[in-house]
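First the structure, in the form of structure tokens, and then the observations on it.
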Amino acid sequence: MKDGIKEFMSAIKIKNLTKKFGKFIAVDSINLEIKEGELFGLLGPNGAGKSTTLNMLATMMMPTSGNATINNVEITSQDSVRRTIGMVFQDPSLDDELTGKENLEFHGRMYHMQKNLRANRIEEVLKLVGLEDKAKFQIKTYSGGMKRRLEIARGLMHHPKILFLDEPTLGLDPQTRRGIWDYIQKLNKDEGLTIILTTHYMEEADYLCDRIAIIDNGKIIALDTPENMKNIMGGDILKIETRESGSLDKILKFDWIKDKTRFDDYLNVTVADGGSAIPDILKAASEAGIKIDSVHMIRPSLEDVFIHYTGRTIREQEADSTNQIKSMMNQWGKR
Amino acid sequence: MGQEIMFQDIYTIWLREMLKFVRARSRIASSLAMPFIWLFILGFGFSSSITIPGLPYIGFLAPGIIGMIILFTSIFSGISIIYDRQFGFLKEILVAPVSRSSIVIGKTFGGATIATINGLIVLGISSALGFIDFGIGTLLAIPFMILIAISFVAMGLIIASRMKNMEGFQMIMSFLVMPIFLLSGALFPLKDVPDAMKVISYFDPLSYGIDGIRGSLVGITNVGIITDFTVLLGISVGMISFGTVMFKKSTQS
């Protein structure tokens, strides 16, 4: 019975999913379960296997081995899966010569939506992404951000149960990116839509996602909420600047202090929750007559988490993978 | 599962081609200038040196030029699916719950409709100018025009499935499209050409199309319009089937 409920709750189940291109293993036996209503992020450098994973889930690529189910339907049943998912590709996939509305019309027809339903839904999704005024213009007059919004709107046209977003804010300016984040959050929170996105932006995964899987070289190397991931790093670091770092080190004896490192002019204190620790530390210092010049709080970022697991920054990793992909593509082309 | 050919899906893909066609009217109008340049210059230029029994040369040439415009428009239309791939729109089509056969048929019919319309414009103007007679033969020519269009759009799709970008287009024009056109009997009668050339022309799908159009419009034919029709019908079906196989292959990964 318990299993039955669990079955119903999971939108996606991935079992040993693998994709090889020749000898190159792009996705290496991934196992993953994504819950209904979750906003889930696949985070990793370019070429880590995120897009390949997403493309397999969206039926655009066949897995080499392993399997996955979307709403309990195997991804090999392509058409049944296609009907229930919406996909926003990494690269633009709109018809530039058609208008925004015509692009949505086409989509609605492809998903066999009846005329009235189509017309209503077009208005709905255009409103959702704030493009009502632009509906009658050709796509070639749209900005990058507008195109992305229209693609998200199009992905929603046919009431999918799951929306896939492949690098939804790649190449957009920070302000537009913020706007897209708001739309994504609105869809997830207000409409209860299950959303799976890929990104190589740490802050994007951190800001948006309920849970994150860090993917590196085709494998999931970490899977948790952004908060928990950062907590693995041991919590916040308080850098307390004071001439009397030795005395401060001695008087700070709270049991919630996880670690202390003393330097000449400052003391680093690791705590789970930096914000609530600062007042206690300041109070203790002033009672002991120790003068504190400044306190800096350093929150571990996902970047730190990534380094923790891979020993490299995401950028170093990217340079590597890009080379790997290039040589893979060359070989692929020669066949 | 997912393999059924749906009329609704074919219509949707066809409709998009039509929308784009209507939107690109001016470009199409300028592409129609080319067949008339051929028709007038060759038609009047060769009128004294080539004699066709019972017919002025321009009347013999007009069906050939109708075939030519359909050939060029169709091949280009099929190959232009490369643009859909380059600009990403093909992914939007592929991720939809639509069978690959429906996509190929929709694309083929879309391109074929445009090519046939172009052919009809040349046919109409040639009739209006009195190069060919207007009558029952005019109606008879239309099925041949449609079949030529279908065959060559599908051929364009097959070529496109093996091409990464439009860079190779010039080569396709020089080594495939021009020979198909020149060997089809569009410009001169195939009756008196050297045997080797005659044999090659039997393998040229366009030669049956031109022969059929010419047979319908001016009553001159090599193999008879019934043979022309049968062969062309077979070629169209074959091309669409092969096109579907190639399209599936090129979109699978």
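The way I read the labels, and the way they are meant: chains A, B, ... in the order of the structure tokens, residue 1 as the first residue of every chain, and ligand 1 as the first ligand shown, with later ones counted on from there.
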Report as CSV the residues of chain A within 6 Å of chain B, each with its shortest atom pair and distance in Å (one decimal), using only C-alpha atoms, ordered by chain and increasing residue number.
residue,atom,partner,partner_atom,distance
A:Met61,CA,B:Ser253,CA,5.1
A:Asp79,CA,B:Pro97,CA,4.7
A:Arg82,CA,B:Pro97,CA,5.3
A:Arg83,CA,B:Pro97,CA,5.9
A:Pro92,CA,B:Gly88,CA,6.0
A:Ser93,CA,B:Gly88,CA,4.1
A:Leu94,CA,B:Phe89,CA,5.4
A:Asp95,CA,B:Phe89,CA,5.9
Name the residues in contact with Ile66 of chain B at a cut-off of 7 Å, using only C-alpha atoms, excluding same-chain residues fewer than 3 positions from it; report them as a CSV table (one decimal) with N, CA and C atoms, in the first residue's frame.
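Below is the file that was written, part_4.csv:
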chain,number,residue,atom,x,y,z
B,62,ALA,N,7.4,25.1,-74.0
B,62,ALA,CA,6.7,25.5,-72.8
B,62,ALA,C,6.4,24.4,-71.8
B,63,PRO,N,6.0,23.2,-72.2
B,63,PRO,CA,5.8,22.1,-71.2
B,63,PRO,C,7.1,21.8,-70.5
B,69,ILE,N,10.4,24.7,-63.8
B,69,ILE,CA,10.1,25.5,-62.6
B,69,ILE,C,9.6,24.6,-61.4
B,70,ILE,N,8.8,23.5,-61.8
B,70,ILE,CA,8.4,22.6,-60.7
B,70,ILE,C,9.6,21.9,-60.1
B,119,GLY,N,4.1,26.1,-61.2
B,119,GLY,CA,3.9,25.4,-62.6
B,119,GLY,C,2.6,25.9,-63.2
B,122,VAL,N,3.1,29.4,-64.7
B,122,VAL,CA,3.8,29.3,-66.0
B,122,VAL,C,2.8,28.8,-67.1
B,123,LEU,N,2.1,27.7,-66.7
B,123,LEU,CA,1.1,27.1,-67.7
B,123,LEU,C,0.1,28.2,-68.1
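The interatomic distance for the pair atom CA of Lys20 of chain A and atom CA of Glu36 of chain A works out to 28.8 Å.
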* Please return as number ranges by chain: the residues of segment 19-240 of chain B that backbone DSSP assigns to alpha helix (DSSP H). => B: 19-23, 25-31, 33-45, 57-79, 81-86, 89-94, 100-128, 136-161, 169-172, 178-182, 195-202, 205-218, 225-240
* Compile the contact shell of segment 127-131 of chain B as a ChimeraX atom specification: residues with an atom at most 12 Å away, counting only C-alpha atoms, same-chain residues fewer than 2 positions apart removed. => /B:36,39-40,43-44,55-63,65-66,120-125,133-135,137-138,217-218
Just to be explicit: take each residue in the selection above, keep C-alpha atoms, and write the result as a PDB file, in the first residue's frame.
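Written file, again.pdb:
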ATOM      1  CA  PHE B  36      10.094  33.123 -68.524  1.00  0.00           C
ATOM      2  CA  LEU B  39      11.065  30.405 -72.322  1.00  0.00           C
ATOM      3  CA  PHE B  40      11.393  33.641 -74.271  1.00  0.00           C
ATOM      4  CA  GLY B  43      11.876  29.801 -77.481  1.00  0.00           C
ATOM      5  CA  PHE B  44      12.474  32.601 -79.921  1.00  0.00           C
ATOM      6  CA  LEU B  55       4.433  22.851 -83.838  1.00  0.00           C
ATOM      7  CA  PRO B  56       6.444  26.049 -83.300  1.00  0.00           C
ATOM      8  CA  TYR B  57       9.454  25.391 -81.067  1.00  0.00           C
ATOM      9  CA  ILE B  58       8.122  27.604 -78.255  1.00  0.00           C
ATOM     10  CA  GLY B  59       5.028  25.414 -78.008  1.00  0.00           C
ATOM     11  CA  PHE B  60       7.309  22.386 -77.645  1.00  0.00           C
ATOM     12  CA  LEU B  61       9.452  24.205 -75.061  1.00  0.00           C
ATOM     13  CA  ALA B  62       6.656  25.541 -72.827  1.00  0.00           C
ATOM     14  CA  PRO B  63       5.822  22.121 -71.222  1.00  0.00           C
ATOM     15  CA  ILE B  65       9.770  25.005 -68.811  1.00  0.00           C
ATOM     16  CA  ILE B  66       6.698  24.143 -66.725  1.00  0.00           C
ATOM     17  CA  LEU B 120       0.287  26.514 -62.993  1.00  0.00           C
ATOM     18  CA  ILE B 121       1.317  30.164 -63.239  1.00  0.00           C
ATOM     19  CA  VAL B 122       3.769  29.332 -66.036  1.00  0.00           C
ATOM     20  CA  LEU B 123       1.125  27.142 -67.680  1.00  0.00           C
ATOM     21  CA  GLY B 124      -1.488  29.897 -67.423  1.00  0.00           C
ATOM     22  CA  ILE B 125       0.720  32.601 -68.850  1.00  0.00           C
ATOM     23  CA  ASP B 133      -3.765  25.707 -76.448  1.00  0.00           C
ATOM     24  CA  PHE B 134      -6.109  25.920 -73.526  1.00  0.00           C
ATOM     25  CA  GLY B 135      -8.481  22.984 -73.233  1.00  0.00           C
ATOM     26  CA  GLY B 137      -5.284  18.867 -72.169  1.00  0.00           C
ATOM     27  CA  THR B 138      -4.641  21.634 -69.655  1.00  0.00           C
ATOM     28  CA  LEU B 217      -0.831  19.890 -73.748  1.00  0.00           C
ATOM     29  CA  VAL B 218       0.424  19.539 -77.330  1.00  0.00           C
TER      30      VAL B 218
END
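When atom CA of Thr52 of chain A is paired with atom CA of Met202 of chain A, their separation reads 19.4 Å.
Between atom CA of Gln90 of chain A and atom CA of Thr169 of chain A there is a distance of 8.8 Å.
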* So which residues touch segment 203-213 of chain A within 6 Å, counting only C-alpha atoms, skipping near sequence neighbours fewer than 3 positions away, as a ChimeraX atom specification? -> /A:39-42,222-226
Deliver the residues from the most recent selection as a file, using N, CA, C and O atoms, as a PDB file, in the first residue's frame.
ATOM      1  N   LEU A  39      10.363  21.076  -8.187  1.00  0.00           N
ATOM      2  CA  LEU A  39      11.175  21.867  -9.112  1.00  0.00           C
ATOM      3  C   LEU A  39      12.591  21.333  -8.958  1.00  0.00           C
ATOM      4  O   LEU A  39      13.264  21.604  -7.967  1.00  0.00           O
ATOM      5  N   PHE A  40      13.004  20.539  -9.922  1.00  0.00           N
ATOM      6  CA  PHE A  40      14.239  19.782  -9.782  1.00  0.00           C
ATOM      7  C   PHE A  40      15.305  20.297 -10.738  1.00  0.00           C
ATOM      8  O   PHE A  40      15.018  20.601 -11.887  1.00  0.00           O
ATOM      9  N   GLY A  41      16.532  20.397 -10.251  1.00  0.00           N
ATOM     10  CA  GLY A  41      17.608  20.910 -11.097  1.00  0.00           C
ATOM     11  C   GLY A  41      18.695  19.897 -11.342  1.00  0.00           C
ATOM     12  O   GLY A  41      19.112  19.181 -10.431  1.00  0.00           O
ATOM     13  N   LEU A  42      19.126  19.797 -12.612  1.00  0.00           N
ATOM     14  CA  LEU A  42      20.320  19.016 -12.945  1.00  0.00           C
ATOM     15  C   LEU A  42      21.431  20.029 -13.139  1.00  0.00           C
ATOM     16  O   LEU A  42      21.412  20.809 -14.087  1.00  0.00           O
ATOM     17  N   ALA A 222      26.061  14.068  -6.448  1.00  0.00           N
ATOM     18  CA  ALA A 222      25.418  14.538  -5.222  1.00  0.00           C
ATOM     19  C   ALA A 222      23.960  14.794  -5.523  1.00  0.00           C
ATOM     20  O   ALA A 222      23.607  15.188  -6.630  1.00  0.00           O
ATOM     21  N   LEU A 223      23.107  14.534  -4.532  1.00  0.00           N
ATOM     22  CA  LEU A 223      21.673  14.696  -4.735  1.00  0.00           C
ATOM     23  C   LEU A 223      21.043  15.115  -3.413  1.00  0.00           C
ATOM     24  O   LEU A 223      21.043  14.349  -2.454  1.00  0.00           O
ATOM     25  N   ASP A 224      20.563  16.358  -3.356  1.00  0.00           N
ATOM     26  CA  ASP A 224      19.983  16.847  -2.109  1.00  0.00           C
ATOM     27  C   ASP A 224      19.346  18.223  -2.338  1.00  0.00           C
ATOM     28  O   ASP A 224      19.377  18.736  -3.451  1.00  0.00           O
ATOM     29  N   THR A 225      18.789  18.810  -1.258  1.00  0.00           N
ATOM     30  CA  THR A 225      18.310  20.179  -1.367  1.00  0.00           C
ATOM     31  C   THR A 225      19.522  21.105  -1.357  1.00  0.00           C
ATOM     32  O   THR A 225      20.568  20.747  -0.816  1.00  0.00           O
ATOM     33  N   PRO A 226      19.386  22.302  -1.937  1.00  0.00           N
ATOM     34  CA  PRO A 226      20.527  23.228  -1.925  1.00  0.00           C
ATOM     35  C   PRO A 226      20.994  23.507  -0.489  1.00  0.00           C
ATOM     36  O   PRO A 226      22.195  23.560  -0.232  1.00  0.00           O
TER      37      PRO A 226
END
* Give me the residues within 8 Å of Ala115 of chain B as a ChimeraX atom specification, counting only C-alpha atoms and dropping any in the same chain fewer than 2 places off. => /B:69-71,73-74,111-113,117-119,149
* Excluding Met62 of chain A and residues on its chain fewer than 2 positions from it, collect all residues at most 10 Å away from it, counting only C-alpha atoms, and give them as JSON, numbers by chain. => {"A": [18, 19, 52, 55, 56, 57, 58, 59, 60, 64, 65, 67, 75, 76, 78], "B": [252, 253]}
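Residue nearest Ile220 of chain B, chosen from B:Pro53, B:Ser241, B:Phe175, B:Ile81 and counting only C-alpha atoms: B:Pro53.
Non-sequential neighbours of segment 238-240 of chain A (distance at most 8 Å, separation of 5 or more positions within a chain, only C-alpha atoms) are Tyr266, Leu267, Asn268, Val269, Thr270, Val271, Gly274, Ile292, Asp293, Ser294, Val295, His296, Met297 and Ile298 of chain A.
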